[in-house]
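Q: Enclosed is the structure file entry31.json (JSON, C-alpha atoms).
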[["chain", "number", "residue", "atom", "x", "y", "z"],
["T", 1, "MET", "CA", -31.66, 49.20, -132.37],
["T", 2, "VAL", "CA", -32.22, 52.92, -131.85],
["T", 3, "THR", "CA", -28.47, 53.56, -132.00],
["T", 4, "MET", "CA", -28.16, 51.65, -135.25],
["T", 5, "ALA", "CA", -31.16, 53.42, -136.82],
["T", 6, "GLY", "CA", -29.91, 56.86, -135.76],
["T", 7, "ASN", "CA", -26.40, 56.28, -137.09],
["T", 8, "ILE", "CA", -27.65, 54.79, -140.35],
["T", 9, "LEU", "CA", -29.90, 57.84, -140.78],
["T", 10, "ILE", "CA", -26.92, 60.17, -140.26],
["T", 11, "VAL", "CA", -24.86, 58.31, -142.85],
["T", 12, "VAL", "CA", -27.72, 58.24, -145.39],
["T", 13, "LEU", "CA", -28.43, 61.96, -144.95],
["T", 14, "ASP", "CA", -24.74, 62.78, -145.19],
["T", 15, "VAL", "CA", -24.43, 60.90, -148.48],
["T", 16, "ALA", "CA", -27.76, 61.98, -149.97],
["T", 17, "ASP", "CA", -27.77, 65.73, -149.25],
["T", 18, "GLN", "CA", -25.24, 67.79, -151.24],
["T", 19, "HIS", "CA", -25.40, 70.60, -148.66],
["T", 20, "LEU", "CA", -23.94, 68.27, -146.04],
["T", 21, "HIS", "CA", -20.78, 67.53, -148.03],
["T", 22, "THR", "CA", -18.56, 69.56, -145.72],
["T", 23, "PRO", "CA", -15.63, 68.37, -143.57],
["T", 24, "MET", "CA", -17.68, 68.50, -140.37],
["T", 25, "TYR", "CA", -20.43, 66.26, -141.74],
["T", 26, "PHE", "CA", -17.89, 63.97, -143.43],
["T", 27, "LEU", "CA", -16.22, 63.42, -140.05],
["T", 28, "LEU", "CA", -19.61, 63.01, -138.38],
["T", 29, "GLY", "CA", -20.49, 60.38, -140.99],
["T", 30, "ASN", "CA", -17.24, 58.57, -140.20],
["T", 31, "LEU", "CA", -18.08, 58.66, -136.50],
["T", 32, "SER", "CA", -21.54, 57.25, -137.26],
["T", 33, "CYS", "CA", -20.03, 54.42, -139.32],
["T", 34, "LEU", "CA", -17.71, 53.74, -136.42],
["T", 35, "GLU", "CA", -20.64, 53.54, -133.99],
["T", 36, "ILE", "CA", -22.47, 51.14, -136.34],
["T", 37, "CYS", "CA", -19.39, 48.92, -136.35],
["T", 38, "TYR", "CA", -19.12, 49.18, -132.54],
["T", 39, "THR", "CA", -22.67, 48.00, -132.12],
["T", 40, "SER", "CA", -22.34, 45.17, -134.62],
["T", 41, "SER", "CA", -19.04, 43.94, -133.17],
["T", 42, "ILE", "CA", -20.17, 43.71, -129.54],
["T", 43, "LEU", "CA", -23.92, 43.17, -129.58],
["T", 44, "PRO", "CA", -23.96, 39.70, -131.28],
["T", 45, "TRP", "CA", -21.59, 38.33, -128.62],
["T", 46, "VAL", "CA", -23.74, 39.73, -125.83],
["T", 47, "LEU", "CA", -27.00, 38.44, -127.33],
["T", 48, "ALA", "CA", -25.55, 34.97, -127.98],
["T", 49, "SER", "CA", -24.28, 34.70, -124.40],
["T", 50, "LEU", "CA", -27.63, 35.82, -123.00],
["T", 51, "LEU", "CA", -29.67, 33.46, -125.20],
["T", 52, "MET", "CA", -27.48, 30.41, -124.63],
["T", 53, "GLY", "CA", -26.72, 31.16, -120.99],
["T", 54, "ASP", "CA", -23.02, 30.54, -121.56],
["T", 55, "ARG", "CA", -20.95, 33.50, -120.43],
["T", 56, "THR", "CA", -17.58, 31.98, -121.30],
["T", 57, "ILE", "CA", -15.51, 32.89, -124.31],
["T", 58, "SER", "CA", -12.48, 31.11, -125.73],
["T", 59, "VAL", "CA", -9.12, 32.87, -125.71],
["T", 60, "SER", "CA", -9.12, 33.03, -129.53],
["T", 61, "GLY", "CA", -12.67, 34.42, -129.53],
["T", 62, "CYS", "CA", -11.59, 36.93, -126.91],
["T", 63, "MET", "CA", -8.61, 37.97, -129.04],
["T", 64, "THR", "CA", -10.88, 38.40, -132.07],
["T", 65, "GLN", "CA", -13.36, 40.49, -130.14],
["T", 66, "LEU", "CA", -10.59, 42.51, -128.52],
["T", 67, "TYR", "CA", -9.01, 43.11, -131.94],
["T", 68, "CYS", "CA", -12.27, 44.41, -133.45],
["T", 69, "PHE", "CA", -13.06, 46.51, -130.40],
["T", 70, "GLY", "CA", -9.46, 47.81, -130.24],
["T", 71, "ILE", "CA", -9.53, 48.95, -133.86],
["T", 72, "LEU", "CA", -12.79, 50.80, -133.30],
["T", 73, "ALA", "CA", -11.77, 52.34, -129.97],
["T", 74, "ALA", "CA", -8.42, 53.58, -131.27],
["T", 75, "THR", "CA", -10.03, 54.89, -134.46],
["T", 76, "GLU", "CA", -12.63, 56.74, -132.39],
["T", 77, "TYR", "CA", -9.93, 58.48, -130.35],
["T", 78, "TYR", "CA", -8.04, 59.51, -133.46],
["T", 79, "LEU", "CA", -11.23, 60.60, -135.22],
["T", 80, "LEU", "CA", -12.27, 62.71, -132.23],
["T", 81, "ALA", "CA", -8.84, 64.35, -132.32],
["T", 82, "VAL", "CA", -9.36, 65.17, -136.00],
["T", 83, "MET", "CA", -12.81, 66.56, -135.24],
["T", 84, "SER", "CA", -11.29, 68.71, -132.50],
["T", 85, "TYR", "CA", -8.73, 70.01, -134.97],
["T", 86, "ASP", "CA", -11.55, 70.78, -137.42],
["T", 87, "TRP", "CA", -13.40, 72.79, -134.79],
["T", 88, "TYR", "CA", -10.19, 74.51, -133.75],
["T", 89, "LEU", "CA", -9.76, 75.71, -137.32],
["T", 90, "VAL", "CA", -13.40, 76.83, -137.54],
["T", 91, "ILE", "CA", -13.16, 78.86, -134.34],
["T", 92, "CYS", "CA", -9.59, 80.19, -134.46],
["T", 93, "ASN", "CA", -9.03, 80.56, -138.23],
["T", 94, "PRO", "CA", -12.45, 81.07, -139.81],
["T", 95, "LEU", "CA", -11.08, 82.98, -142.79],
["T", 96, "CYS", "CA", -8.49, 80.33, -143.62],
["T", 97, "TYR", "CA", -10.73, 77.35, -142.82],
["T", 98, "ALA", "CA", -11.67, 76.55, -146.42],
["T", 99, "THR", "CA", -8.01, 76.52, -147.42],
["T", 100, "LEU", "CA", -6.70, 74.56, -144.45],
["T", 101, "MET", "CA", -9.50, 71.99, -144.21],
["T", 102, "ASN", "CA", -10.57, 71.15, -147.73],
["T", 103, "GLY", "CA", -12.06, 67.83, -148.82],
["T", 104, "SER", "CA", -8.69, 66.29, -149.59],
["T", 105, "VAL", "CA", -7.15, 67.14, -146.21],
["T", 106, "CYS", "CA", -10.29, 65.98, -144.41],
["T", 107, "PHE", "CA", -10.25, 62.66, -146.26],
["T", 108, "GLN", "CA", -6.54, 62.19, -145.51],
["T", 109, "LEU", "CA", -7.04, 62.90, -141.80],
["T", 110, "ALA", "CA", -9.98, 60.49, -141.63],
["T", 111, "ALA", "CA", -7.98, 57.82, -143.49],
["T", 112, "CYS", "CA", -5.08, 58.36, -141.09],
["T", 113, "SER", "CA", -7.47, 57.90, -138.17],
["T", 114, "TRP", "CA", -8.74, 54.56, -139.50],
["T", 115, "THR", "CA", -5.25, 53.39, -140.47],
["T", 116, "SER", "CA", -3.74, 54.39, -137.12],
["T", 117, "GLY", "CA", -6.55, 52.63, -135.27],
["T", 118, "PHE", "CA", -5.97, 49.49, -137.30],
["T", 119, "LEU", "CA", -2.19, 49.57, -136.81],
["T", 120, "SER", "CA", -2.26, 50.30, -133.08],
["T", 121, "SER", "CA", -4.72, 47.47, -132.42],
["T", 122, "THR", "CA", -2.74, 45.10, -134.65],
["T", 123, "ILE", "CA", 0.46, 45.80, -132.71],
["T", 124, "VAL", "CA", -1.23, 45.20, -129.36],
["T", 125, "ILE", "CA", -2.87, 41.95, -130.53],
["T", 126, "ILE", "CA", 0.41, 40.68, -131.97],
["T", 127, "LEU", "CA", 2.05, 41.31, -128.60],
["T", 128, "MET", "CA", -0.86, 39.62, -126.80],
["T", 129, "THR", "CA", -0.62, 36.48, -128.95],
["T", 130, "LYS", "CA", 2.95, 36.04, -127.76],
["T", 131, "ILE", "CA", 1.79, 35.68, -124.15],
["T", 132, "LYS", "CA", 1.98, 32.20, -122.69],
["T", 133, "PHE", "CA", -1.25, 31.22, -120.95],
["T", 134, "CYS", "CA", -1.73, 28.91, -118.02],
["T", 135, "GLY", "CA", -4.92, 27.20, -116.97],
["T", 136, "SER", "CA", -8.16, 27.13, -118.91],
["T", 137, "ASN", "CA", -8.64, 28.31, -122.48],
["T", 138, "GLU", "CA", -11.97, 29.88, -121.54],
["T", 139, "ILE", "CA", -12.67, 33.26, -119.97],
["T", 140, "ASP", "CA", -15.76, 33.83, -117.83],
["T", 141, "TYR", "CA", -16.83, 37.03, -119.58],
["T", 142, "PHE", "CA", -19.11, 37.71, -122.53],
["T", 143, "PHE", "CA", -17.21, 40.93, -123.32],
["T", 144, "CYS", "CA", -13.48, 40.64, -123.53],
["T", 145, "ASP", "CA", -10.89, 43.26, -122.73],
["T", 146, "SER", "CA", -7.23, 43.01, -121.82],
["T", 147, "SER", "CA", -7.68, 42.38, -118.07],
["T", 148, "PRO", "CA", -9.02, 38.78, -118.38],
["T", 149, "ILE", "CA", -6.24, 37.98, -120.84],
["T", 150, "ILE", "CA", -3.61, 39.35, -118.47],
["T", 151, "LYS", "CA", -5.12, 37.29, -115.62],
["T", 152, "LEU", "CA", -4.59, 34.11, -117.68],
["T", 153, "ALA", "CA", -1.02, 35.06, -118.61],
["T", 154, "SER", "CA", 1.75, 33.17, -116.93],
["T", 155, "GLY", "CA", 4.46, 35.71, -117.82],
["T", 156, "PRO", "CA", 5.40, 38.81, -115.87],
["T", 157, "ARG", "CA", 2.44, 41.20, -115.95],
["T", 158, "LEU", "CA", 4.49, 44.32, -115.32],
["T", 159, "LEU", "CA", 6.54, 43.74, -118.48],
["T", 160, "TRP", "CA", 3.37, 43.19, -120.54],
["T", 161, "ARG", "CA", 1.76, 46.39, -119.27],
["T", 162, "HIS", "CA", 4.97, 48.28, -120.01],
["T", 163, "LYS", "CA", 4.97, 46.97, -123.61],
["T", 164, "CYS", "CA", 1.33, 47.98, -124.13],
["T", 165, "LEU", "CA", 1.88, 51.43, -122.68],
["T", 166, "HIS", "CA", 5.01, 51.93, -124.77],
["T", 167, "THR", "CA", 3.18, 50.88, -127.95],
["T", 168, "HIS", "CA", 0.26, 53.17, -127.19],
["T", 169, "ILE", "CA", 2.57, 56.13, -126.56],
["T", 170, "LEU", "CA", 4.47, 55.51, -129.81],
["T", 171, "VAL", "CA", 1.31, 55.27, -131.92],
["T", 172, "THR", "CA", -0.29, 58.31, -130.28],
["T", 173, "SER", "CA", 2.83, 60.43, -130.63],
["T", 174, "HIS", "CA", 3.15, 59.40, -134.29],
["T", 175, "PHE", "CA", -0.45, 60.52, -134.94],
["T", 176, "LEU", "CA", 0.06, 63.81, -133.09],
["T", 177, "GLN", "CA", 3.26, 64.52, -135.02],
["T", 178, "HIS", "CA", 1.41, 63.85, -138.26],
["T", 179, "SER", "CA", -1.42, 66.16, -137.17],
["T", 180, "GLU", "CA", 1.07, 68.87, -136.25],
["T", 181, "PHE", "CA", 2.78, 68.52, -139.61],
["T", 182, "THR", "CA", -0.48, 68.84, -141.54],
["T", 183, "SER", "CA", -1.61, 71.84, -139.50],
["T", 184, "GLN", "CA", 1.46, 73.98, -140.16],
["T", 185, "LYS", "CA", 0.83, 77.03, -142.22],
["T", 186, "PRO", "CA", 2.53, 77.16, -145.61],
["T", 187, "LYS", "CA", 5.38, 79.63, -145.95],
["T", 188, "LYS", "CA", 4.67, 82.77, -147.88],
["T", 189, "THR", "CA", 6.69, 83.09, -151.07]]
Could the structure of this file be written out as structure tokens, please?
A:
Amino acid sequence: MVTMAGNILIVVLDVADQHLHTPMYFLLGNLSCLEICYTSSILPWVLASLLMGDRTISVSGCMTQLYCFGILAATEYYLLAVMSYDWYLVICNPLCYATLMNGSVCFQLAACSWTSGFLSSTIVIILMTKIKFCGSNEIDYFFCDSSPIIKLASGPRLLWRHKCLHTHILVTSHFLQHSEFTSQKPKKT
């Protein structure tokens, strides 16, 4: 509850106060929205399992939870990278900061973070739905991550881990290349 209240307060202050309409506070507001989504995507599952005493989750429920959590986790990593880039510009290029990190660039970087998080999680979930499962359709966890899914898989685990790692590397390198492209200084004419 305290986490939700604190993050909602940050978002409300960021929107309400005109003095806080800077790239740093815009990115902080995005991070707060992300934390609100984190809390609301995991907490209901935990509370329901504690109230009902049933700690099992179906494979489809696990995939849904993993998809939501994956989007938010990947987006958080990308958003933290954007925030690091913002601070890099503030510290290393203070005179050029307003030109390099204006509202439009900040919005584009935040949108790329959310889009990249969505796409990377979508790719991983699509690959996970192609796994053939053996045994029960229930997992004895109230929070689902990839390890219980891999334990139920009947296919070769090494190949699956290789596919996930390869996908993660491709998505991360694509984001870093995009960040490098947007951070290049314009040529003087």
Q: If we count only C-alpha atoms and set the cut-off at 9 Å, which residues sit around segment 1-16 of chain T, ignoring sequence neighbours fewer than 3 positions away in its own chain? Please answer as a PDB file with C-alpha atoms, in the frame of the given file.
A:
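To be explicit, this is the file written out as out08.pdb:
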ATOM      1  CA  HIS T  19     -25.400  70.600-148.660  1.00  0.00           C
ATOM      2  CA  LEU T  20     -23.940  68.270-146.040  1.00  0.00           C
ATOM      3  CA  HIS T  21     -20.780  67.530-148.030  1.00  0.00           C
ATOM      4  CA  TYR T  25     -20.430  66.260-141.740  1.00  0.00           C
ATOM      5  CA  PHE T  26     -17.890  63.970-143.430  1.00  0.00           C
ATOM      6  CA  LEU T  28     -19.610  63.010-138.380  1.00  0.00           C
ATOM      7  CA  GLY T  29     -20.490  60.380-140.990  1.00  0.00           C
ATOM      8  CA  ASN T  30     -17.240  58.570-140.200  1.00  0.00           C
ATOM      9  CA  LEU T  31     -18.080  58.660-136.500  1.00  0.00           C
ATOM     10  CA  SER T  32     -21.540  57.250-137.260  1.00  0.00           C
ATOM     11  CA  CYS T  33     -20.030  54.420-139.320  1.00  0.00           C
ATOM     12  CA  GLU T  35     -20.640  53.540-133.990  1.00  0.00           C
ATOM     13  CA  ILE T  36     -22.470  51.140-136.340  1.00  0.00           C
ATOM     14  CA  THR T  39     -22.670  48.000-132.120  1.00  0.00           C
ATOM     15  CA  SER T  40     -22.340  45.170-134.620  1.00  0.00           C
TER      16      SER T  40
END
Q: To one decimal in Å, tell me the separation between atom CA of Ile42 of chain T and atom CA of Gln108 of chain T.
A: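 Here the two named atoms are 28.0 Å from each other.
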Q: Could you check how far atom CA of Ser104 of chain T sits from atom CA of Cys92 of chain T, in Å to one decimal?
A: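 Interatomic distance, atom CA of Ser104 of chain T to atom CA of Cys92 of chain T: 20.6 Å.
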Q: Could you pull the residues within 9 Å of Leu80 of chain T, counting all atoms listed in the file, minus those fewer than 5 positions along the same chain, as a PyMOL selection string?
A: chain T and resi 27+31+75+85
Q: Just how far from atom CA of Leu34 of chain T is atom CA of Cys106 of chain T, in Å to one decimal?
A: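 Result for atom CA of Cys106 of chain T versus atom CA of Leu34 of chain T: 16.4 Å, one decimal.
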Q: What are the centre and the three edge lengths of an axis-aligned box that wraps all atoms of segment 43-53 of chain T in the file, given that 8 Å is added to every side, written as AutoDock Vina command-line options and rounded to one decimal in Å?
A:
--center_x -25.6 --center_y 36.8 --center_z -126.1 --size_x 24.1 --size_y 28.8 --size_z 26.3
Q: Give me, as a PyMOL selection string, all polymer residues having an atom no more than 9 Å from Trp114 of chain T, counting all atoms listed in the file and skipping those fewer than 6 positions away in the same chain.
A: chain T and resi 71-72+74-76+78-79
Q: Could you tell me which of T:Thr122, T:Ser116, T:Thr129, T:Ser60 comes closest to Cys144 of chain T if we count only C-alpha atoms?
A: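 So, comparing all the options, the nearest one is T:Ser60.
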